[in-house]
file protein-v6.txt (compact mmCIF, C-alpha atoms and all ligand atoms)
# COMPACT_ATOMS: atom_id res chain seq x y z
CA MET A 1 -119.91 -85.45 -22.48
CA ASP A 2 -123.37 -84.70 -21.01
CA ALA A 3 -121.86 -83.10 -17.92
CA ILE A 4 -119.72 -80.82 -20.11
CA THR A 5 -122.66 -79.85 -22.31
CA LYS A 6 -124.71 -79.03 -19.21
CA GLU A 7 -122.00 -76.80 -17.76
CA PHE A 8 -121.36 -75.19 -21.13
CA ASN A 9 -125.05 -74.30 -21.45
CA ARG A 10 -125.02 -72.90 -17.95
CA LEU A 11 -121.93 -70.84 -18.81
CA GLU A 12 -123.55 -69.62 -22.00
CA LYS A 13 -126.61 -68.55 -20.01
CA ASN A 14 -124.73 -66.86 -17.18
CA GLY A 15 -121.48 -65.90 -18.83
CA SER A 16 -122.47 -62.45 -19.99
CA PHE A 17 -121.09 -59.14 -18.82
CA ASP A 18 -124.24 -57.29 -19.94
CA LYS A 19 -125.56 -56.93 -16.43
CA TYR A 20 -122.15 -55.79 -15.21
CA ILE A 21 -121.95 -53.17 -17.96
CA ASP A 22 -125.46 -51.93 -17.08
CA ASP A 23 -124.38 -51.56 -13.47
CA VAL A 24 -121.29 -49.58 -14.45
CA ASP A 25 -123.43 -47.31 -16.62
CA GLU A 26 -125.74 -46.71 -13.67
CA LEU A 27 -122.81 -45.74 -11.47
CA ILE A 28 -121.41 -43.36 -14.09
CA GLU A 29 -124.79 -41.71 -14.35
CA LEU A 30 -124.98 -41.32 -10.59
CA LEU A 31 -121.48 -39.85 -10.38
CA GLN A 32 -122.18 -37.42 -13.19
CA LYS A 33 -125.36 -36.23 -11.49
CA THR A 34 -123.63 -35.47 -8.23
CA ARG A 35 -120.35 -34.17 -9.62
CA ASN A 36 -121.16 -30.47 -9.75
CA THR A 37 -123.27 -30.11 -6.66
CA ILE A 38 -121.50 -32.17 -4.11
CA ASP A 39 -122.32 -31.58 -0.44
CA ALA A 40 -122.53 -33.74 2.68
CA GLU A 41 -126.00 -35.05 1.96
CA GLN A 42 -125.17 -35.93 -1.61
CA LEU A 43 -121.90 -37.46 -0.56
CA ALA A 44 -123.88 -39.87 1.59
CA ILE A 45 -126.07 -40.74 -1.41
CA LEU A 46 -122.98 -41.26 -3.49
CA LYS A 47 -121.44 -43.48 -0.86
CA SER A 48 -124.50 -45.66 -0.54
CA GLY A 49 -124.79 -45.76 -4.34
CA CYS A 50 -121.21 -46.93 -4.62
CA THR A 51 -121.68 -49.60 -1.98
CA SER A 52 -124.76 -50.99 -3.65
CA TRP A 53 -122.93 -50.90 -7.01
CA THR A 54 -119.97 -52.83 -5.57
CA ASN A 55 -122.35 -55.44 -4.20
CA LYS A 56 -124.20 -55.76 -7.47
CA MET A 57 -120.93 -56.04 -9.38
CA ALA A 58 -119.70 -58.78 -7.07
CA GLU A 59 -123.02 -60.58 -7.49
CA SER A 60 -122.99 -60.50 -11.30
CA GLN A 61 -119.37 -61.60 -11.40
CA LYS A 62 -120.14 -64.44 -9.01
CA ASP A 63 -122.54 -65.95 -11.54
CA ILE A 64 -120.00 -65.74 -14.34
CA TYR A 65 -117.05 -67.07 -12.38
CA GLY A 66 -119.20 -69.76 -10.79
CA ALA A 67 -120.31 -71.02 -14.20
CA LEU A 68 -116.77 -70.74 -15.57
CA SER A 69 -115.24 -72.71 -12.73
CA LYS A 70 -117.89 -75.45 -12.95
CA TYR A 71 -117.32 -75.70 -16.70
CA ALA A 72 -113.56 -76.00 -16.19
CA LYS A 73 -114.10 -78.69 -13.54
CA ALA A 74 -116.41 -80.64 -15.86
CA LEU A 75 -113.74 -80.47 -18.58
CA ASP A 76 -110.99 -81.60 -16.20
CA LYS A 77 -113.16 -84.46 -14.98
CA LYS A 78 -113.82 -85.70 -18.50
CA PHE A 79 -110.38 -85.18 -20.03
CA LYS A 80 -108.05 -86.52 -17.37
CA THR A 81 -105.31 -87.45 -19.79
CA ASP A 82 -102.17 -85.40 -19.95
CA ILE A 83 -101.75 -84.78 -23.68
CA GLU A 84 -98.12 -83.79 -23.13
CA ALA A 85 -97.47 -87.55 -23.16
CA ALA A 86 -98.21 -87.64 -26.87
CA TYR A 87 -95.91 -84.75 -27.69
CA ASN A 88 -92.50 -85.34 -29.12
CA PRO A 89 -90.35 -82.19 -29.01
CA ASN A 90 -87.81 -83.83 -31.32
CA ALA A 91 -90.39 -84.08 -34.07
CA PHE A 92 -89.84 -80.38 -34.76
CA PRO A 93 -86.63 -79.28 -36.43
CA PRO A 94 -84.79 -76.37 -34.74
CA SER A 95 -86.43 -73.98 -37.21
CA GLY A 96 -89.82 -75.44 -36.25
CA ASP A 97 -91.08 -72.41 -34.35
CA LYS A 98 -90.71 -70.22 -37.39
CA LEU A 99 -92.50 -72.78 -39.55
CA LEU A 100 -95.29 -73.02 -37.03
CA ASP A 101 -95.64 -69.21 -36.86
CA ARG A 102 -95.78 -69.15 -40.64
CA ALA A 103 -98.41 -71.90 -40.75
CA VAL A 104 -100.54 -70.01 -38.20
CA ALA A 105 -100.18 -66.72 -40.12
CA MET A 106 -101.09 -68.44 -43.40
CA HIS A 107 -104.09 -70.04 -41.73
CA LEU A 108 -105.27 -66.67 -40.44
CA ILE A 109 -104.90 -65.11 -43.89
CA ARG A 110 -106.81 -67.96 -45.49
CA ASP A 111 -109.45 -67.64 -42.79
CA GLY A 112 -109.90 -63.95 -43.63
CA GLN A 113 -108.55 -62.73 -40.27
CA PHE A 114 -106.21 -60.22 -41.86
CA GLN A 115 -105.65 -57.88 -38.90
CA VAL A 116 -104.56 -60.69 -36.58
CA ALA A 117 -102.40 -62.17 -39.35
CA ASP A 118 -100.69 -58.80 -39.94
CA LYS A 119 -99.90 -58.48 -36.24
CA LEU A 120 -98.39 -61.97 -36.15
CA ILE A 121 -96.39 -61.43 -39.35
CA GLN A 122 -95.00 -58.23 -37.87
CA GLU A 123 -94.24 -59.60 -34.40
CA ALA A 124 -92.79 -62.91 -35.56
CA ASN A 125 -90.95 -61.17 -38.40
CA LEU A 126 -92.34 -63.53 -41.04
CA ASP A 127 -91.69 -63.32 -44.72
CA ILE A 128 -95.16 -63.59 -46.26
CA PRO A 129 -95.71 -61.44 -49.35
CA GLU A 130 -98.34 -58.75 -48.95
CA ALA A 131 -99.63 -59.60 -52.42
CA LEU A 132 -100.80 -62.98 -51.14
CA GLU A 133 -102.88 -61.34 -48.44
CA GLN A 134 -104.31 -59.03 -51.09
CA GLU A 135 -105.31 -62.07 -53.15
CA PHE A 136 -107.22 -63.56 -50.23
CA MET A 137 -108.90 -60.22 -49.51
CA ASP A 138 -110.07 -60.36 -53.10
CA MET A 139 -111.28 -63.92 -52.60
CA TYR A 140 -113.33 -62.93 -49.55
CA ARG A 141 -114.77 -59.94 -51.41
CA ILE A 142 -115.96 -62.29 -54.17
CA LEU A 143 -117.26 -64.88 -51.68
CA GLU A 144 -119.19 -62.14 -49.88
CA SER A 145 -120.85 -61.21 -53.20
CA LEU A 146 -121.73 -64.86 -53.76
CA LYS A 147 -123.40 -64.90 -50.35
CA GLN A 148 -125.53 -61.97 -51.54
CA LYS A 149 -126.33 -64.01 -54.68
CA ASP A 150 -124.31 -61.64 -56.84
CA LEU A 151 -122.29 -63.67 -59.32
CA GLY A 152 -120.80 -60.66 -61.12
CA PRO A 153 -117.42 -60.44 -59.32
CA ALA A 154 -116.90 -64.22 -59.48
CA ILE A 155 -117.69 -64.33 -63.21
CA GLU A 156 -115.37 -61.39 -63.82
CA TRP A 157 -112.57 -63.15 -61.93
CA ALA A 158 -113.14 -66.45 -63.77
CA ALA A 159 -113.14 -64.66 -67.15
CA SER A 160 -109.84 -62.98 -66.30
CA LYS A 161 -108.33 -66.40 -65.52
CA ARG A 162 -110.06 -68.26 -68.36
CA ASP A 163 -106.90 -69.71 -69.92
CA ARG A 164 -105.40 -70.93 -66.68
CA LEU A 165 -108.70 -72.42 -65.51
CA ALA A 166 -109.13 -74.19 -68.85
CA GLN A 167 -105.60 -75.59 -68.57
CA SER A 168 -106.50 -77.31 -65.31
CA GLY A 169 -109.75 -78.64 -66.81
CA SER A 170 -111.89 -76.46 -64.54
CA ASN A 171 -115.60 -75.97 -65.29
CA LEU A 172 -115.89 -73.03 -62.92
CA GLU A 173 -116.55 -70.25 -65.41
CA PHE A 174 -119.32 -72.14 -67.16
CA ASN A 175 -120.80 -73.28 -63.84
CA LEU A 176 -120.98 -69.66 -62.67
CA HIS A 177 -122.79 -68.60 -65.85
CA SER A 178 -125.03 -71.63 -65.57
CA LEU A 179 -125.97 -70.67 -61.99
CA GLN A 180 -126.66 -67.10 -63.11
CA PHE A 181 -129.00 -68.49 -65.77
CA VAL A 182 -130.77 -70.69 -63.20
CA HIS A 183 -130.96 -67.77 -60.77
CA LEU A 184 -132.68 -65.58 -63.38
CA PHE A 185 -134.89 -68.41 -64.62
CA THR A 186 -136.27 -69.06 -61.14
CA TYR A 187 -137.02 -65.43 -60.23
CA PRO A 188 -140.18 -65.66 -58.17
CA ASP A 189 -142.08 -62.92 -60.05
CA GLY A 190 -142.22 -64.86 -63.33
CA THR A 191 -140.22 -62.33 -65.38
CA GLY A 192 -137.12 -64.47 -65.02
CA THR A 193 -137.47 -66.75 -68.03
CA ARG A 194 -137.19 -63.86 -70.48
CA LEU A 195 -134.14 -62.51 -68.63
CA ALA A 196 -132.63 -66.00 -68.55
CA LEU A 197 -133.08 -66.37 -72.30
CA GLU A 198 -131.43 -63.01 -72.92
CA TYR A 199 -128.60 -63.98 -70.58
CA ALA A 200 -128.08 -67.27 -72.40
CA ARG A 201 -127.97 -65.51 -75.79
CA GLU A 202 -125.38 -63.07 -74.53
CA ASN A 203 -123.14 -65.40 -72.57
CA PHE A 204 -123.40 -69.04 -73.63
CA ALA A 205 -122.06 -68.78 -77.20
CA VAL A 206 -118.44 -68.78 -76.07
CA PHE A 207 -118.99 -72.09 -74.22
CA GLY A 208 -120.77 -73.80 -77.13
CA ASP A 209 -117.89 -76.04 -78.15
CA ARG A 210 -117.18 -77.50 -74.77
CA TYR A 211 -120.54 -77.45 -73.00
CA LEU A 212 -123.15 -77.96 -75.73
CA ALA A 213 -124.84 -80.83 -73.88
CA ASP A 214 -125.11 -78.78 -70.67
CA ILE A 215 -126.40 -75.72 -72.53
CA SER A 216 -129.01 -77.86 -74.34
CA LYS A 217 -130.18 -79.18 -71.01
CA LEU A 218 -130.54 -75.68 -69.59
CA MET A 219 -132.48 -74.59 -72.67
CA CYS A 220 -134.89 -77.55 -72.49
CA ALA A 221 -135.97 -76.35 -69.06
CA PHE A 222 -138.11 -73.73 -70.84
CA LEU A 223 -140.48 -76.57 -71.74
CA PHE A 224 -141.06 -77.25 -68.06
CA GLN A 225 -141.11 -73.72 -66.72
CA SER A 226 -144.68 -73.98 -65.44
CA ASN A 227 -143.96 -77.11 -63.47
CA LEU A 228 -140.26 -77.13 -62.72
CA GLN A 229 -140.73 -78.83 -59.35
CA SER A 230 -141.79 -82.18 -60.81
CA SER A 231 -139.69 -81.92 -63.98
CA PRO A 232 -136.41 -83.75 -64.65
CA TYR A 233 -134.76 -80.34 -64.18
CA ALA A 234 -135.72 -79.94 -60.54
CA SER A 235 -132.32 -81.08 -59.29
CA THR A 236 -130.48 -78.52 -61.46
CA PHE A 237 -132.84 -75.60 -61.04
CA LEU A 238 -134.00 -76.01 -57.47
CA SER A 239 -130.89 -77.42 -55.80
CA PRO A 240 -130.68 -75.98 -52.27
CA SER A 241 -126.90 -76.35 -52.20
CA ALA A 242 -126.19 -74.73 -55.59
CA TRP A 243 -124.75 -71.51 -54.10
CA ASP A 244 -122.66 -73.32 -51.50
CA ASP A 245 -121.36 -75.71 -54.15
CA VAL A 246 -120.30 -72.90 -56.44
CA ALA A 247 -118.68 -70.97 -53.55
CA HIS A 248 -116.77 -74.11 -52.59
CA SER A 249 -115.57 -74.78 -56.11
CA PHE A 250 -114.63 -71.10 -56.51
CA THR A 251 -112.51 -71.25 -53.32
CA LYS A 252 -110.88 -74.44 -54.54
CA GLU A 253 -109.98 -73.00 -57.96
CA PHE A 254 -108.84 -69.71 -56.46
CA CYS A 255 -106.44 -71.47 -54.07
CA SER A 256 -105.31 -73.85 -56.78
CA LEU A 257 -104.26 -70.96 -59.06
CA LEU A 258 -102.23 -69.59 -56.14
CA GLY A 259 -100.57 -72.99 -55.82
CA LEU A 260 -102.31 -73.68 -52.49
CA SER A 261 -104.51 -76.52 -51.30
CA PRO A 262 -108.24 -75.79 -50.91
CA ASP A 263 -108.15 -76.40 -47.14
CA SER A 264 -105.75 -74.78 -44.72
CA PRO A 265 -102.89 -77.23 -44.05
CA LEU A 266 -102.80 -76.16 -40.39
CA TYR A 267 -106.48 -76.98 -39.99
CA LEU A 268 -105.99 -80.39 -41.61
CA ALA A 269 -102.90 -81.11 -39.53
CA ALA A 270 -104.71 -80.18 -36.31
CA LEU A 271 -107.69 -82.32 -37.27
CA ALA A 272 -105.45 -85.27 -38.18
CA GLY A 273 -103.67 -84.76 -34.85
CA ALA A 274 -106.98 -84.87 -32.99
CA ILE A 275 -107.86 -88.14 -34.74
CA ALA A 276 -104.42 -89.57 -33.96
CA LEU A 277 -104.28 -88.36 -30.36
CA PRO A 278 -105.94 -91.35 -28.61
CA THR A 279 -103.54 -93.76 -30.36
CA LEU A 280 -100.52 -91.59 -29.61
CA LEU A 281 -101.51 -91.37 -25.94
CA LYS A 282 -101.77 -95.13 -25.79
CA VAL A 283 -98.37 -95.51 -27.45
CA GLY A 284 -96.96 -92.96 -25.00
CA SER A 285 -98.21 -94.90 -21.99
CA ILE A 286 -96.92 -98.24 -23.36
CA MET A 287 -93.53 -96.65 -24.03
CA ARG A 288 -93.41 -95.32 -20.47
CA GLU A 289 -94.28 -98.76 -19.08
CA LYS A 290 -91.60 -100.43 -21.18
CA GLN A 291 -89.22 -97.54 -20.54
CA THR A 292 -88.53 -97.01 -24.21
CA GLU A 293 -88.51 -93.74 -26.12
CA TRP A 294 -90.00 -92.40 -29.31
CA SER A 295 -86.73 -92.06 -31.14
CA SER A 296 -87.55 -91.98 -34.84
CA GLU A 297 -87.55 -88.51 -36.36
CA ASN A 298 -90.17 -87.46 -38.94
CA GLU A 299 -91.95 -90.74 -38.41
CA LEU A 300 -94.68 -91.93 -36.11
CA PRO A 301 -93.94 -94.94 -33.91
CA VAL A 302 -97.11 -96.69 -35.12
CA GLU A 303 -99.26 -96.51 -38.19
CA ILE A 304 -102.34 -94.35 -37.66
CA PRO A 305 -105.02 -94.76 -40.31
CA LEU A 306 -106.74 -91.52 -41.32
CA PRO A 307 -110.03 -91.22 -43.24
CA PRO A 308 -109.76 -91.19 -47.07
CA SER A 309 -110.40 -87.42 -47.17
CA PHE A 310 -106.98 -86.99 -45.54
CA GLN A 311 -105.16 -88.93 -48.22
CA PHE A 312 -103.83 -86.55 -50.83
CA HIS A 313 -101.09 -88.53 -52.54
CA ALA A 314 -100.85 -92.07 -53.77
CA ILE A 315 -98.33 -94.00 -51.74
CA PHE A 316 -96.25 -96.85 -53.00
CA VAL A 317 -95.08 -99.76 -50.91
CA CYS A 318 -92.19 -101.71 -52.40
CA PRO A 319 -93.37 -105.28 -53.07
CA VAL A 320 -89.88 -106.61 -52.25
CA SER A 321 -88.95 -104.79 -49.04
CA LYS A 322 -92.58 -104.02 -48.00
CA GLU A 323 -91.42 -100.49 -47.13
CA GLN A 324 -93.21 -97.32 -48.13
CA THR A 325 -91.15 -95.40 -50.70
CA THR A 326 -89.81 -91.94 -49.84
CA ASP A 327 -87.87 -89.17 -51.57
CA GLU A 328 -84.63 -90.82 -50.41
CA ASN A 329 -85.80 -94.28 -51.44
CA PRO A 330 -88.11 -93.57 -54.39
CA PRO A 331 -90.05 -96.05 -56.54
CA MET A 332 -88.11 -97.13 -59.66
CA MET A 333 -89.59 -98.74 -62.76
CA MET A 334 -87.62 -101.42 -64.58
CA PRO A 335 -87.83 -101.77 -68.39
CA CYS A 336 -90.37 -104.59 -67.94
CA GLY A 337 -92.73 -102.11 -66.24
CA HIS A 338 -92.50 -103.56 -62.72
CA ILE A 339 -91.74 -101.15 -59.89
CA VAL A 340 -89.63 -101.63 -56.77
CA ALA A 341 -87.98 -99.25 -54.30
CA LYS A 342 -84.51 -97.93 -55.12
CA ASP A 343 -82.95 -99.72 -52.12
CA SER A 344 -84.43 -103.04 -53.25
CA LEU A 345 -83.03 -102.44 -56.73
CA ALA A 346 -79.59 -101.87 -55.21
CA ARG A 347 -79.86 -105.04 -53.10
CA MET A 348 -80.94 -107.18 -56.07
CA SER A 349 -78.02 -105.92 -58.17
CA LYS A 350 -75.62 -106.17 -55.21
CA GLY A 351 -74.97 -102.43 -55.33
CA ASN A 352 -73.55 -102.49 -58.87
CA PRO A 353 -75.54 -100.18 -61.20
CA ASN A 354 -74.49 -102.24 -64.23
CA GLN A 355 -75.13 -105.68 -62.74
CA ARG A 356 -77.85 -107.66 -64.55
CA PHE A 357 -80.56 -109.08 -62.35
CA LYS A 358 -83.91 -110.79 -62.85
CA CYS A 359 -87.12 -108.92 -62.10
CA PRO A 360 -88.75 -110.53 -59.04
CA TYR A 361 -92.13 -110.51 -60.83
CA CYS A 362 -91.40 -111.59 -64.39
CA PRO A 363 -88.65 -113.41 -66.31
CA ASN A 364 -87.13 -110.18 -67.72
CA GLU A 365 -83.63 -109.14 -66.82
CA SER A 366 -82.33 -105.58 -66.59
CA ILE A 367 -79.64 -103.42 -64.96
CA PRO A 368 -80.36 -100.73 -62.30
CA ASN A 369 -79.19 -97.95 -64.64
CA GLN A 370 -82.12 -98.74 -66.95
CA ALA A 371 -84.66 -98.14 -64.20
CA ILE A 372 -86.40 -94.78 -64.09
CA ARG A 373 -87.92 -92.95 -61.15
CA VAL A 374 -91.71 -92.99 -60.93
CA TYR A 375 -93.73 -90.05 -59.59
CA PHE A 376 -97.21 -90.75 -58.24
ZN ZN B 401 -90.78 -107.42 -64.40

call {"tool": "encode", "arguments": {"input": "protein-v6.txt", "output": "structure tokens"}}
result
Amino acid sequence: MDAITKEFNRLEKNGSFDKYIDDVDELIELLQKTRNTIDAEQLAILKSGCTSWTNKMAESQKDIYGALSKYAKALDKKFKTDIEAAYNPNAFPPSGDKLLDRAVAMHLIRDGQFQVADKLIQEANLDIPEALEQEFMDMYRILESLKQKDLGPAIEWAASKRDRLAQSGSNLEFNLHSLQFVHLFTYPDGTGTRLALEYARENFAVFGDRYLADISKLMCAFLFQSNLQSSPYASTFLSPSAWDDVAHSFTKEFCSLLGLSPDSPLYLAALAGAIALPTLLKVGSIMREKQTEWSSENELPVEIPLPPSFQFHAIFVCPVSKEQTTDENPPMMMPCGHIVAKDSLARMSKGNPNQRFKCPYCPNESIPNQAIRVYF
């Protein structure tokens, strides 16, 4: 990677069109000067000016293209593998292109790149409600305020969604007020504690039932106001990540109320793909050697472990068949409380939904019709 970094730095240093633009400006100036009073002598000046400009332009471009070509060569040298080998065109259903366009457009909207998203929605003729884009514009407006340490818009939003946030057990609204209190309390000019107390009186009452312990803790900080740094409250009042944390939890709650995951699914899928790529390339080369093909649809030919942050749902592996359960073959719980996959249930009862069979894990007997589907 060192070679790539070196070439990238070189490209970054040389890869600017500033000099080129300066040269063009110079030429325009020269042309404008001579435009009205052109004669033979001036024409000669113009000609020599143009020649020197052309040379300078070629020179400045040479640096850029030189750096660009070296960077590309360094990349090619490092990444020799043809990643096409890991690509399975059958993995996409016929309607895949549309789904992919939609995923890209949704990613752009979530990323705040509304103009590009609009263009894609229009050109790919996608059906994404405008209201959703409006919601994300609102989210970015609020996040921008948070960056400026203005909690007002976020608090207003959280108050307007109080019931729904409470339903999902969210602490966001209180956390926003709590940060506002801390923000006032730690004003550098020393007037903050009075403002913080007033703020608490005005805003904390409504949270008394649910957050009394947290409010008490905030109030006790007044005892340590002269020496907050070495007090037990330092972590709450002087946390360097407090604003980032609250922005992150705001984004999460905002997306959750829209029924969306906190991270863009396209981003996660691309990241998971990057993690899986080396294994898939290896599988691809083994398959080529053995002249076999990746034939299974919607399923990878090998298991590829991903980090825990990529695991969003509990999975259930049937203890009888050792297969992972799916929507077609879901986990079923017998009256004794033991769970097996639906196919295993059918095998144990020989395909008869009223046939009694013994649970493979305890002495109880039941019939498949008594089993109920389990959702993880
Ligand atoms: Zn059992």

call {"tool": "residues_around", "arguments": {"input": "protein-v6.txt", "residues": "region 97-109 of chain A", "least_positions_apart": "2", "cutoff": "8 Å", "atoms": "all atoms listed in the file", "output": "ChimeraX atom specification"}}
result
/A:94-95,111-114,116-118,120-121,124,126,128,133,136,264-267

call {"tool": "write_last_selection", "arguments": {"input": "protein-v6.txt", "atoms": "C-alpha atoms", "output": "tab-separated table (two decimals), in the coordinates of the input"}}
result
chain	number	residue	atom	x	y	z
A	94	PRO	CA	-84.79	-76.37	-34.74
A	95	SER	CA	-86.43	-73.98	-37.21
A	111	ASP	CA	-109.45	-67.64	-42.79
A	112	GLY	CA	-109.90	-63.95	-43.63
A	113	GLN	CA	-108.55	-62.73	-40.27
A	114	PHE	CA	-106.21	-60.22	-41.86
A	116	VAL	CA	-104.56	-60.69	-36.58
A	117	ALA	CA	-102.40	-62.17	-39.35
A	118	ASP	CA	-100.69	-58.80	-39.94
A	120	LEU	CA	-98.39	-61.97	-36.15
A	121	ILE	CA	-96.39	-61.43	-39.35
A	124	ALA	CA	-92.79	-62.91	-35.56
A	126	LEU	CA	-92.34	-63.53	-41.04
A	128	ILE	CA	-95.16	-63.59	-46.26
A	133	GLU	CA	-102.88	-61.34	-48.44
A	136	PHE	CA	-107.22	-63.56	-50.23
A	264	SER	CA	-105.75	-74.78	-44.72
A	265	PRO	CA	-102.89	-77.23	-44.05
A	266	LEU	CA	-102.80	-76.16	-40.39
A	267	TYR	CA	-106.48	-76.98	-39.99

call {"tool": "residues_around", "arguments": {"input": "protein-v6.txt", "residues": "Leu146 (chain A)", "least_positions_apart": "4", "cutoff": "8 Å", "atoms": "all atoms listed in the file", "output": "ChimeraX atom specification"}}
result
/A:142,150-151,154,243,247

call {"tool": "write_last_selection", "arguments": {"input": "protein-v6.txt", "atoms": "C-alpha atoms", "output": "mmCIF file, in the coordinates of the input"}}
result
data_model
loop_
_atom_site.group_PDB
_atom_site.id
_atom_site.type_symbol
_atom_site.label_atom_id
_atom_site.label_comp_id
_atom_site.auth_asym_id
_atom_site.auth_seq_id
_atom_site.Cartn_x
_atom_site.Cartn_y
_atom_site.Cartn_z
ATOM 1 C CA ILE A 142 -115.960 -62.290 -54.170
ATOM 2 C CA ASP A 150 -124.310 -61.640 -56.840
ATOM 3 C CA LEU A 151 -122.290 -63.670 -59.320
ATOM 4 C CA ALA A 154 -116.900 -64.220 -59.480
ATOM 5 C CA TRP A 243 -124.750 -71.510 -54.100
ATOM 6 C CA ALA A 247 -118.680 -70.970 -53.550
#

call {"tool": "residues_around", "arguments": {"input": "protein-v6.txt", "residues": "region 225-230 of chain A", "least_positions_apart": "4", "cutoff": "10 Å", "atoms": "all atoms listed in the file", "output": "CSV table (one decimal) with C-alpha atoms, keeping the file's coordinate frame"}}
result
chain,number,residue,atom,x,y,z
A,185,PHE,CA,-134.9,-68.4,-64.6
A,186,THR,CA,-136.3,-69.1,-61.1
A,190,GLY,CA,-142.2,-64.9,-63.3
A,193,THR,CA,-137.5,-66.8,-68.0
A,220,CYS,CA,-134.9,-77.6,-72.5
A,221,ALA,CA,-136.0,-76.4,-69.1
A,234,ALA,CA,-135.7,-79.9,-60.5
A,235,SER,CA,-132.3,-81.1,-59.3
A,236,THR,CA,-130.5,-78.5,-61.5
A,237,PHE,CA,-132.8,-75.6,-61.0
A,238,LEU,CA,-134.0,-76.0,-57.5

call {"tool": "axis_aligned_box", "arguments": {"input": "protein-v6.txt", "around": "region 78-96 of chain A", "padding_each_side": "4 Å", "output": "JSON"}}
result
{"center_x": -99.3, "center_y": -80.8, "center_z": -27.3, "size_x": 37.0, "size_y": 21.7, "size_z": 27.8}

call {"tool": "residues_near_ligand", "arguments": {"input": "protein-v6.txt", "ligand": "ligand ZN 401 (chain B)", "cutoff": "8 Å", "atoms": "all atoms listed in the file", "output": "PDB file with C-alpha atoms, in the coordinates of the input"}}
result
ATOM      1  CA  MET A 334     -87.620-101.420 -64.580  1.00  0.00           C
ATOM      2  CA  PRO A 335     -87.830-101.770 -68.390  1.00  0.00           C
ATOM      3  CA  CYS A 336     -90.370-104.590 -67.940  1.00  0.00           C
ATOM      4  CA  GLY A 337     -92.730-102.110 -66.240  1.00  0.00           C
ATOM      5  CA  HIS A 338     -92.500-103.560 -62.720  1.00  0.00           C
ATOM      6  CA  ILE A 339     -91.740-101.150 -59.890  1.00  0.00           C
ATOM      7  CA  LYS A 358     -83.910-110.790 -62.850  1.00  0.00           C
ATOM      8  CA  CYS A 359     -87.120-108.920 -62.100  1.00  0.00           C
ATOM      9  CA  PRO A 360     -88.750-110.530 -59.040  1.00  0.00           C
ATOM     10  CA  TYR A 361     -92.130-110.510 -60.830  1.00  0.00           C
ATOM     11  CA  CYS A 362     -91.400-111.590 -64.390  1.00  0.00           C
ATOM     12  CA  PRO A 363     -88.650-113.410 -66.310  1.00  0.00           C
ATOM     13  CA  ASN A 364     -87.130-110.180 -67.720  1.00  0.00           C
ATOM     14  CA  GLU A 365     -83.630-109.140 -66.820  1.00  0.00           C
TER      15      GLU A 365
END

call {"tool": "atom_distance", "arguments": {"input": "protein-v6.txt", "atom1": "CA of Val320 (chain A)", "atom2": "CA of Ser344 (chain A)"}}
result
6.6 Å

call {"tool": "closest_residue", "arguments": {"input": "protein-v6.txt", "among": "A:Val246, A:Ala346, A:Met219, A:Leu30", "to": "Tyr233 (chain A)", "atoms": "all atoms listed in the file"}}
result
A:Met219

call {"tool": "residues_near_point", "arguments": {"input": "protein-v6.txt", "point": "(-122.6, -38.6, -9.7)", "cutoff": "12 Å", "atoms": "all atoms listed in the file", "output": "list in words"}}
result
Asp25, Glu26, Leu27, Ile28, Glu29, Leu30, Leu31, Gln32, Lys33, Thr34, Arg35, Asn36, Thr37, Ile38, Asp39, Gln42, Leu43, Ala44, Ile45, Leu46, Lys47, Ser48, Gly49 and Cys50 of chain A

call {"tool": "residues_around", "arguments": {"input": "protein-v6.txt", "residues": "region 64-78 of chain A", "least_positions_apart": "3", "cutoff": "9 Å", "atoms": "only C-alpha atoms", "output": "PDB file with C-alpha atoms, in the frame of the given file"}}
result
ATOM      1  CA  MET A   1    -119.910 -85.450 -22.480  1.00  0.00           C
ATOM      2  CA  ALA A   3    -121.860 -83.100 -17.920  1.00  0.00           C
ATOM      3  CA  ILE A   4    -119.720 -80.820 -20.110  1.00  0.00           C
ATOM      4  CA  THR A   5    -122.660 -79.850 -22.310  1.00  0.00           C
ATOM      5  CA  LYS A   6    -124.710 -79.030 -19.210  1.00  0.00           C
ATOM      6  CA  GLU A   7    -122.000 -76.800 -17.760  1.00  0.00           C
ATOM      7  CA  PHE A   8    -121.360 -75.190 -21.130  1.00  0.00           C
ATOM      8  CA  ARG A  10    -125.020 -72.900 -17.950  1.00  0.00           C
ATOM      9  CA  LEU A  11    -121.930 -70.840 -18.810  1.00  0.00           C
ATOM     10  CA  GLU A  12    -123.550 -69.620 -22.000  1.00  0.00           C
ATOM     11  CA  LYS A  13    -126.610 -68.550 -20.010  1.00  0.00           C
ATOM     12  CA  ASN A  14    -124.730 -66.860 -17.180  1.00  0.00           C
ATOM     13  CA  GLY A  15    -121.480 -65.900 -18.830  1.00  0.00           C
ATOM     14  CA  SER A  16    -122.470 -62.450 -19.990  1.00  0.00           C
ATOM     15  CA  PHE A  17    -121.090 -59.140 -18.820  1.00  0.00           C
ATOM     16  CA  SER A  60    -122.990 -60.500 -11.300  1.00  0.00           C
ATOM     17  CA  GLN A  61    -119.370 -61.600 -11.400  1.00  0.00           C
ATOM     18  CA  THR A  81    -105.310 -87.450 -19.790  1.00  0.00           C
TER      19      THR A  81
END

call {"tool": "closest_residue", "arguments": {"input": "protein-v6.txt", "among": "A:Val374, A:Lys62, A:Gln324, A:Pro262", "to": "His248 (chain A)", "atoms": "only C-alpha atoms"}}
result
A:Pro262

call {"tool": "atom_distance", "arguments": {"input": "protein-v6.txt", "atom1": "CA of Gln180 (chain A)", "atom2": "CA of Asp138 (chain A)"}}
result
20.5 Å

call {"tool": "atom_distance", "arguments": {"input": "protein-v6.txt", "atom1": "CA of Thr326 (chain A)", "atom2": "CA of Ala341 (chain A)"}}
result
8.8 Å
